[in-house]
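Q: Encoded as structure tokens, here's the structure I'll be asking about.
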Amino acid sequence: MMISREIRLASRPTGEPVPDNFELTEVEVPQPGKGQILVRNTWMSVDPYMRGRMDDAESYMPPFQIGAPLEGSAVGEVIASGDPGIPVGAKVTHFLGWREHVVLNVSDAVVIDTGLARPEDYLGALGTTGLTAYLAVTDIAPVKEGDVVFVSGAAGAVGSVAGQLARKLGAAKVIGSAGGPEKAKKLVEDFGFDAAIDYRTGDLPAQLAEHAPEGIDVYVDNVGGDHLEAAIETLNVHGRVALVGMISEYNAPVPGPRNLYSAVTKRLTLRGVLVTDHLDRFPEYIGKAAGWLADGTLHTEETVVEGLENAPAAFLGVLRGANTGKMLVRL
Ligand code: NAP
């Protein structure tokens, strides 16, 4: 037995989560049995959807349980193996993050090729956030040559990739929104957007109309609320919306959008997506995106927080915009 550490759910939040909702605990980790591996996690992901799992509510994923460790994507190195298929030293990705060591059945781990990309890329641009962005602009609200595309949450993990992929698909103009002047500057200078909106300066509909006098054809919604309303107002007839997430509503759900009737008059398509329905698309996506990372045509950034003990702060940070690109915890 070895001693390791994990983060458990201590209590459920009301509104915005707080540090007291989490508990850092020492645990004993057994040696792997036949068909199992012992993994030392090196990176873990904190993601907005985890907020929903902190509530005791039915959703597409079961709620976290009080007193039980949290879960989420992680990558790590195999340090003991009971299966010849995944030897010691292999790097794997799996879904039992929020802990430093874990014993997994080999069927719950996927070996990653660290010759193709860095381990942490498999939690970002080559992970579920990258695949979500790809699905949004290829399948859910397909971007066509000459489209004007608006992406919210554009300096984040999904948004920064979605904007760049929209450009690759031939968008004539890509507009992003993010919180604060530094992120807005970065959208244009580093992520290649044509125009950026700092939504915190107010009057989002006016700012969007100013940047897109011709209207928008595609909206990738990571934010919901005021952003979805502004996009509906600005969308052209037959516009398409990929409903990816609504982070502005996770701590405090709101009714709306108030102008949904415009979806009728403009014959809009608003389509939701869950990346977990499309995990079979990973080989196709990684086959393309690894090349874009290697040739530098897909720019990625990470905000890295050090140590498992700081994972709750990293998660609280992602809900408040403390990250640029993918928020990751190095263990
Ligand atoms: P992220 O964008 O890297 O981080 C979240 C960002 O949301 C923050 O950095 C913050 O940026 C922004 N934000 C927070 N509160 C906001 C508010 N009230 N209004 C506007 N922006 C706000 O996170 P991500 O992992 O890429 O996820 C982005 C969205 O996609 C989330 O809604 C998430 O739930 C969703 N998602 C969906 C799927 C799926 O399968 N459907 C998969 C992955 C992610 P600012 O500083 O710019 O405010």
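How things are named: the first chain in the structure tokens is A, the next is B, and so on; residues count from 1 in each chain; ligands count from 1 in the order shown.
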Tell me, as a ChimeraX atom specification, which residues lie within 10 Å of Arg320 of chain A, counting only C-alpha atoms; anything in the same chain fewer than 4 positions away does not count.
A: /A:16,48,179,247-248,314-316
Q: Would you export the selected residues with all heavy atoms as a compact mmCIF listing (two decimals), in the first residue's frame, please?
A:
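And here is the file that came out, out-v7.txt:
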# COMPACT_ATOMS: atom_id res chain seq x y z
N GLU A 16 -22.30 30.25 -6.17
CA GLU A 16 -20.88 30.08 -6.51
C GLU A 16 -20.19 29.15 -5.51
O GLU A 16 -20.30 29.35 -4.29
CB GLU A 16 -20.20 31.45 -6.52
CG GLU A 16 -18.80 31.40 -7.11
CD GLU A 16 -18.18 32.78 -7.26
OE1 GLU A 16 -18.84 33.78 -6.96
OE2 GLU A 16 -17.01 32.83 -7.68
N PRO A 48 -15.64 23.69 -16.51
CA PRO A 48 -16.90 24.30 -16.04
C PRO A 48 -18.02 23.30 -15.77
O PRO A 48 -18.81 23.49 -14.83
CB PRO A 48 -17.28 25.23 -17.21
CG PRO A 48 -15.98 25.58 -17.86
CD PRO A 48 -15.12 24.35 -17.73
N GLY A 179 -13.58 38.44 -21.39
CA GLY A 179 -13.66 39.40 -20.30
C GLY A 179 -12.34 40.11 -20.07
O GLY A 179 -11.34 39.48 -19.71
N ILE A 247 -21.92 29.12 -19.52
CA ILE A 247 -21.22 29.28 -18.24
C ILE A 247 -21.76 30.45 -17.42
O ILE A 247 -21.68 30.41 -16.19
CB ILE A 247 -19.69 29.39 -18.46
CG1 ILE A 247 -18.97 29.21 -17.12
CG2 ILE A 247 -19.31 30.71 -19.14
CD1 ILE A 247 -17.50 28.96 -17.23
N SER A 248 -22.34 31.45 -18.05
CA SER A 248 -22.84 32.60 -17.28
C SER A 248 -24.02 32.20 -16.40
O SER A 248 -24.42 32.96 -15.52
CB SER A 248 -23.23 33.75 -18.20
OG SER A 248 -24.39 33.43 -18.92
N ALA A 314 -8.06 26.34 -8.69
CA ALA A 314 -8.02 26.37 -10.16
C ALA A 314 -9.43 26.25 -10.72
O ALA A 314 -9.81 26.95 -11.66
CB ALA A 314 -7.14 25.23 -10.68
N PHE A 315 -10.21 25.35 -10.12
CA PHE A 315 -11.59 25.17 -10.59
C PHE A 315 -12.43 26.42 -10.34
O PHE A 315 -13.16 26.88 -11.23
CB PHE A 315 -12.21 23.94 -9.89
CG PHE A 315 -13.68 23.82 -10.12
CD1 PHE A 315 -14.18 23.54 -11.38
CD2 PHE A 315 -14.58 23.99 -9.08
CE1 PHE A 315 -15.55 23.45 -11.61
CE2 PHE A 315 -15.94 23.89 -9.29
CZ PHE A 315 -16.43 23.63 -10.56
N LEU A 316 -12.31 27.00 -9.15
CA LEU A 316 -13.06 28.24 -8.86
C LEU A 316 -12.61 29.34 -9.82
O LEU A 316 -13.41 30.16 -10.28
CB LEU A 316 -12.84 28.68 -7.41
CG LEU A 316 -13.27 27.68 -6.33
CD1 LEU A 316 -13.00 28.26 -4.94
CD2 LEU A 316 -14.72 27.30 -6.47
Q: Could you build a table of the residues in segment 101-156 of chain A lying no more than 10 Å from segment 54-74 of chain A, giving for each the nearest pair of atoms and their separation in Å rounded to one decimal place, using only C-alpha atoms, ordered by chain and ascending residue number, as CSV?
A:
residue,atom,partner,partner_atom,distance
A:Pro119,CA,A:Ala74,CA,9.6
A:Glu120,CA,A:Ala74,CA,8.7
A:Tyr122,CA,A:Ala74,CA,8.7
A:Leu123,CA,A:Ser73,CA,6.9
A:Gly127,CA,A:Ser73,CA,8.9
A:Thr128,CA,A:Ser73,CA,8.9
Q: Any chance you could export the current selection's all heavy atoms as a CSV table (one decimal), in the first residue's frame?
A:
chain,number,residue,atom,x,y,z
A,119,PRO,N,2.0,15.7,-23.2
A,119,PRO,CA,0.9,15.0,-22.4
A,119,PRO,C,-0.3,16.0,-22.1
A,119,PRO,O,-1.5,15.6,-22.3
A,119,PRO,CB,1.6,14.5,-21.1
A,119,PRO,CG,3.0,14.4,-21.5
A,119,PRO,CD,3.3,15.4,-22.6
A,120,GLU,N,0.0,17.2,-21.7
A,120,GLU,CA,-1.0,18.1,-21.3
A,120,GLU,C,-1.9,18.6,-22.5
A,120,GLU,O,-3.1,19.0,-22.3
A,120,GLU,CB,-0.4,19.4,-20.6
A,120,GLU,CG,0.6,20.2,-21.4
A,120,GLU,CD,2.0,19.7,-21.2
A,120,GLU,OE1,2.3,18.5,-21.1
A,120,GLU,OE2,2.9,20.6,-21.1
A,122,TYR,N,-3.3,16.6,-24.4
A,122,TYR,CA,-4.4,15.6,-24.5
A,122,TYR,C,-5.5,16.0,-23.5
A,122,TYR,O,-6.6,15.4,-23.5
A,122,TYR,CB,-3.9,14.2,-24.2
A,122,TYR,CG,-3.1,13.7,-25.3
A,122,TYR,CD1,-1.7,13.9,-25.4
A,122,TYR,CD2,-3.7,13.0,-26.4
A,122,TYR,CE1,-0.9,13.4,-26.5
A,122,TYR,CE2,-2.9,12.5,-27.5
A,122,TYR,CZ,-1.6,12.7,-27.5
A,122,TYR,OH,-0.8,12.2,-28.6
A,123,LEU,N,-5.3,17.0,-22.7
A,123,LEU,CA,-6.4,17.5,-21.8
A,123,LEU,C,-6.9,18.9,-22.4
A,123,LEU,O,-7.8,19.5,-21.8
A,123,LEU,CB,-5.9,17.8,-20.4
A,123,LEU,CG,-5.4,16.5,-19.7
A,123,LEU,CD1,-4.9,16.9,-18.3
A,123,LEU,CD2,-6.5,15.5,-19.6
A,127,GLY,N,-7.8,17.2,-26.5
A,127,GLY,CA,-8.7,16.5,-25.6
A,127,GLY,C,-10.2,16.9,-25.8
A,127,GLY,O,-10.5,17.4,-27.0
A,128,THR,N,-11.0,16.8,-24.8
A,128,THR,CA,-12.4,17.0,-25.1
A,128,THR,C,-12.7,18.5,-25.4
A,128,THR,O,-13.7,18.7,-26.2
A,128,THR,CB,-13.3,16.6,-23.9
A,128,THR,OG1,-12.7,17.2,-22.7
A,128,THR,CG2,-13.3,15.1,-23.7
Q: List as a ChimeraX atom specification the protein and nucleic acid residues lying within 6 Å of ligand 1, with only C-alpha atoms and all ligand atoms counted.
A: /A:47-49,129,132,153,155-159,178-179,222-223,244-248,273-275,318-323,325-326
Q: Go ahead and write the selection's residues with N, CA and C atoms as a tab-separated table (two decimals), in the first residue's frame.
A:
chain	number	residue	atom	x	y	z
A	47	ASP	N	-12.86	21.77	-15.22
A	47	ASP	CA	-13.76	22.17	-16.31
A	47	ASP	C	-15.06	22.73	-15.76
A	48	PRO	N	-15.64	23.69	-16.51
A	48	PRO	CA	-16.90	24.30	-16.04
A	48	PRO	C	-18.02	23.30	-15.77
A	49	TYR	N	-18.12	22.20	-16.54
A	49	TYR	CA	-19.24	21.27	-16.35
A	49	TYR	C	-19.23	20.64	-14.95
A	129	THR	N	-11.99	19.46	-24.90
A	129	THR	CA	-12.33	20.84	-25.26
A	129	THR	C	-12.00	21.10	-26.74
A	132	THR	N	-14.63	19.35	-28.81
A	132	THR	CA	-15.90	20.09	-28.75
A	132	THR	C	-15.89	21.26	-29.74
A	153	GLY	N	-16.77	33.31	-24.98
A	153	GLY	CA	-15.76	32.57	-24.20
A	153	GLY	C	-14.53	32.33	-25.05
A	155	ALA	N	-11.48	33.40	-25.33
A	155	ALA	CA	-10.10	33.24	-24.86
A	155	ALA	C	-9.92	31.97	-24.05
A	156	GLY	N	-11.01	31.18	-23.93
A	156	GLY	CA	-10.95	29.94	-23.15
A	156	GLY	C	-10.54	28.74	-24.01
A	157	ALA	N	-10.63	27.57	-23.40
A	157	ALA	CA	-10.14	26.36	-24.06
A	157	ALA	C	-10.93	26.04	-25.33
A	158	VAL	N	-12.25	25.96	-25.22
A	158	VAL	CA	-13.08	25.64	-26.39
A	158	VAL	C	-13.06	26.82	-27.36
A	159	GLY	N	-13.30	28.02	-26.84
A	159	GLY	CA	-13.47	29.19	-27.69
A	159	GLY	C	-12.24	29.51	-28.53
A	178	ALA	N	-14.55	38.17	-24.87
A	178	ALA	CA	-13.89	37.69	-23.66
A	178	ALA	C	-13.93	38.80	-22.62
A	179	GLY	N	-13.58	38.44	-21.39
A	179	GLY	CA	-13.66	39.40	-20.30
A	179	GLY	C	-12.34	40.11	-20.07
A	222	ASN	N	-20.61	29.61	-25.81
A	222	ASN	CA	-20.03	29.01	-24.60
A	222	ASN	C	-20.58	29.65	-23.33
A	223	VAL	N	-21.39	30.70	-23.50
A	223	VAL	CA	-21.71	31.58	-22.38
A	223	VAL	C	-23.20	31.64	-22.05
A	244	VAL	N	-22.95	25.15	-27.04
A	244	VAL	CA	-21.86	24.35	-26.46
A	244	VAL	C	-21.92	24.39	-24.95
A	245	GLY	N	-22.17	25.57	-24.39
A	245	GLY	CA	-22.23	25.71	-22.94
A	245	GLY	C	-22.82	27.06	-22.58
A	246	MET	N	-23.19	27.22	-21.33
A	246	MET	CA	-23.81	28.49	-20.89
A	246	MET	C	-23.22	28.88	-19.54
A	247	ILE	N	-21.92	29.12	-19.52
A	247	ILE	CA	-21.22	29.28	-18.24
A	247	ILE	C	-21.76	30.45	-17.42
A	248	SER	N	-22.34	31.45	-18.05
A	248	SER	CA	-22.84	32.60	-17.28
A	248	SER	C	-24.02	32.20	-16.40
A	273	VAL	N	-24.83	20.34	-28.28
A	273	VAL	CA	-23.85	19.27	-28.48
A	273	VAL	C	-23.28	18.84	-27.14
A	274	LEU	N	-23.08	17.56	-26.98
A	274	LEU	CA	-22.32	17.02	-25.84
A	274	LEU	C	-21.17	16.21	-26.42
A	275	VAL	N	-19.98	16.58	-26.06
A	275	VAL	CA	-18.82	15.92	-26.64
A	275	VAL	C	-18.81	14.42	-26.33
A	318	VAL	N	-11.55	28.97	-12.96
A	318	VAL	CA	-12.06	28.79	-14.33
A	318	VAL	C	-13.50	29.33	-14.43
A	319	LEU	N	-14.23	29.25	-13.36
A	319	LEU	CA	-15.61	29.78	-13.37
A	319	LEU	C	-15.62	31.30	-13.37
A	320	ARG	N	-14.50	31.91	-12.93
A	320	ARG	CA	-14.46	33.37	-12.81
A	320	ARG	C	-13.59	34.02	-13.88
A	321	GLY	N	-13.01	33.20	-14.78
A	321	GLY	CA	-12.22	33.79	-15.86
A	321	GLY	C	-10.75	33.98	-15.51
A	322	ALA	N	-10.23	33.20	-14.56
A	322	ALA	CA	-8.81	33.34	-14.19
A	322	ALA	C	-7.88	32.72	-15.24
A	323	ASN	N	-8.45	32.02	-16.20
A	323	ASN	CA	-7.64	31.31	-17.20
A	323	ASN	C	-7.65	32.00	-18.55
A	325	GLY	N	-6.88	30.28	-22.34
A	325	GLY	CA	-6.70	28.93	-22.87
A	325	GLY	C	-7.17	27.92	-21.82
A	326	LYS	N	-6.56	26.76	-21.84
A	326	LYS	CA	-7.04	25.67	-20.97
A	326	LYS	C	-6.51	25.82	-19.55
Q: What parts of segment 133-258 of chain A does DSSP call helix (DSSP H, G or I)? I'd like the answer as an NGL selection string.
A: :A and (133-140 or 157-168 or 181-189 or 199-201 or 204-211 or 225-234 or 247-249)
Q: Using atom CA of Arg40 of chain A and atom CA of Pro17 of chain A as the two end points, give the distance in Å to one decimal.
A: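 A separation of 27.7 Å between them.
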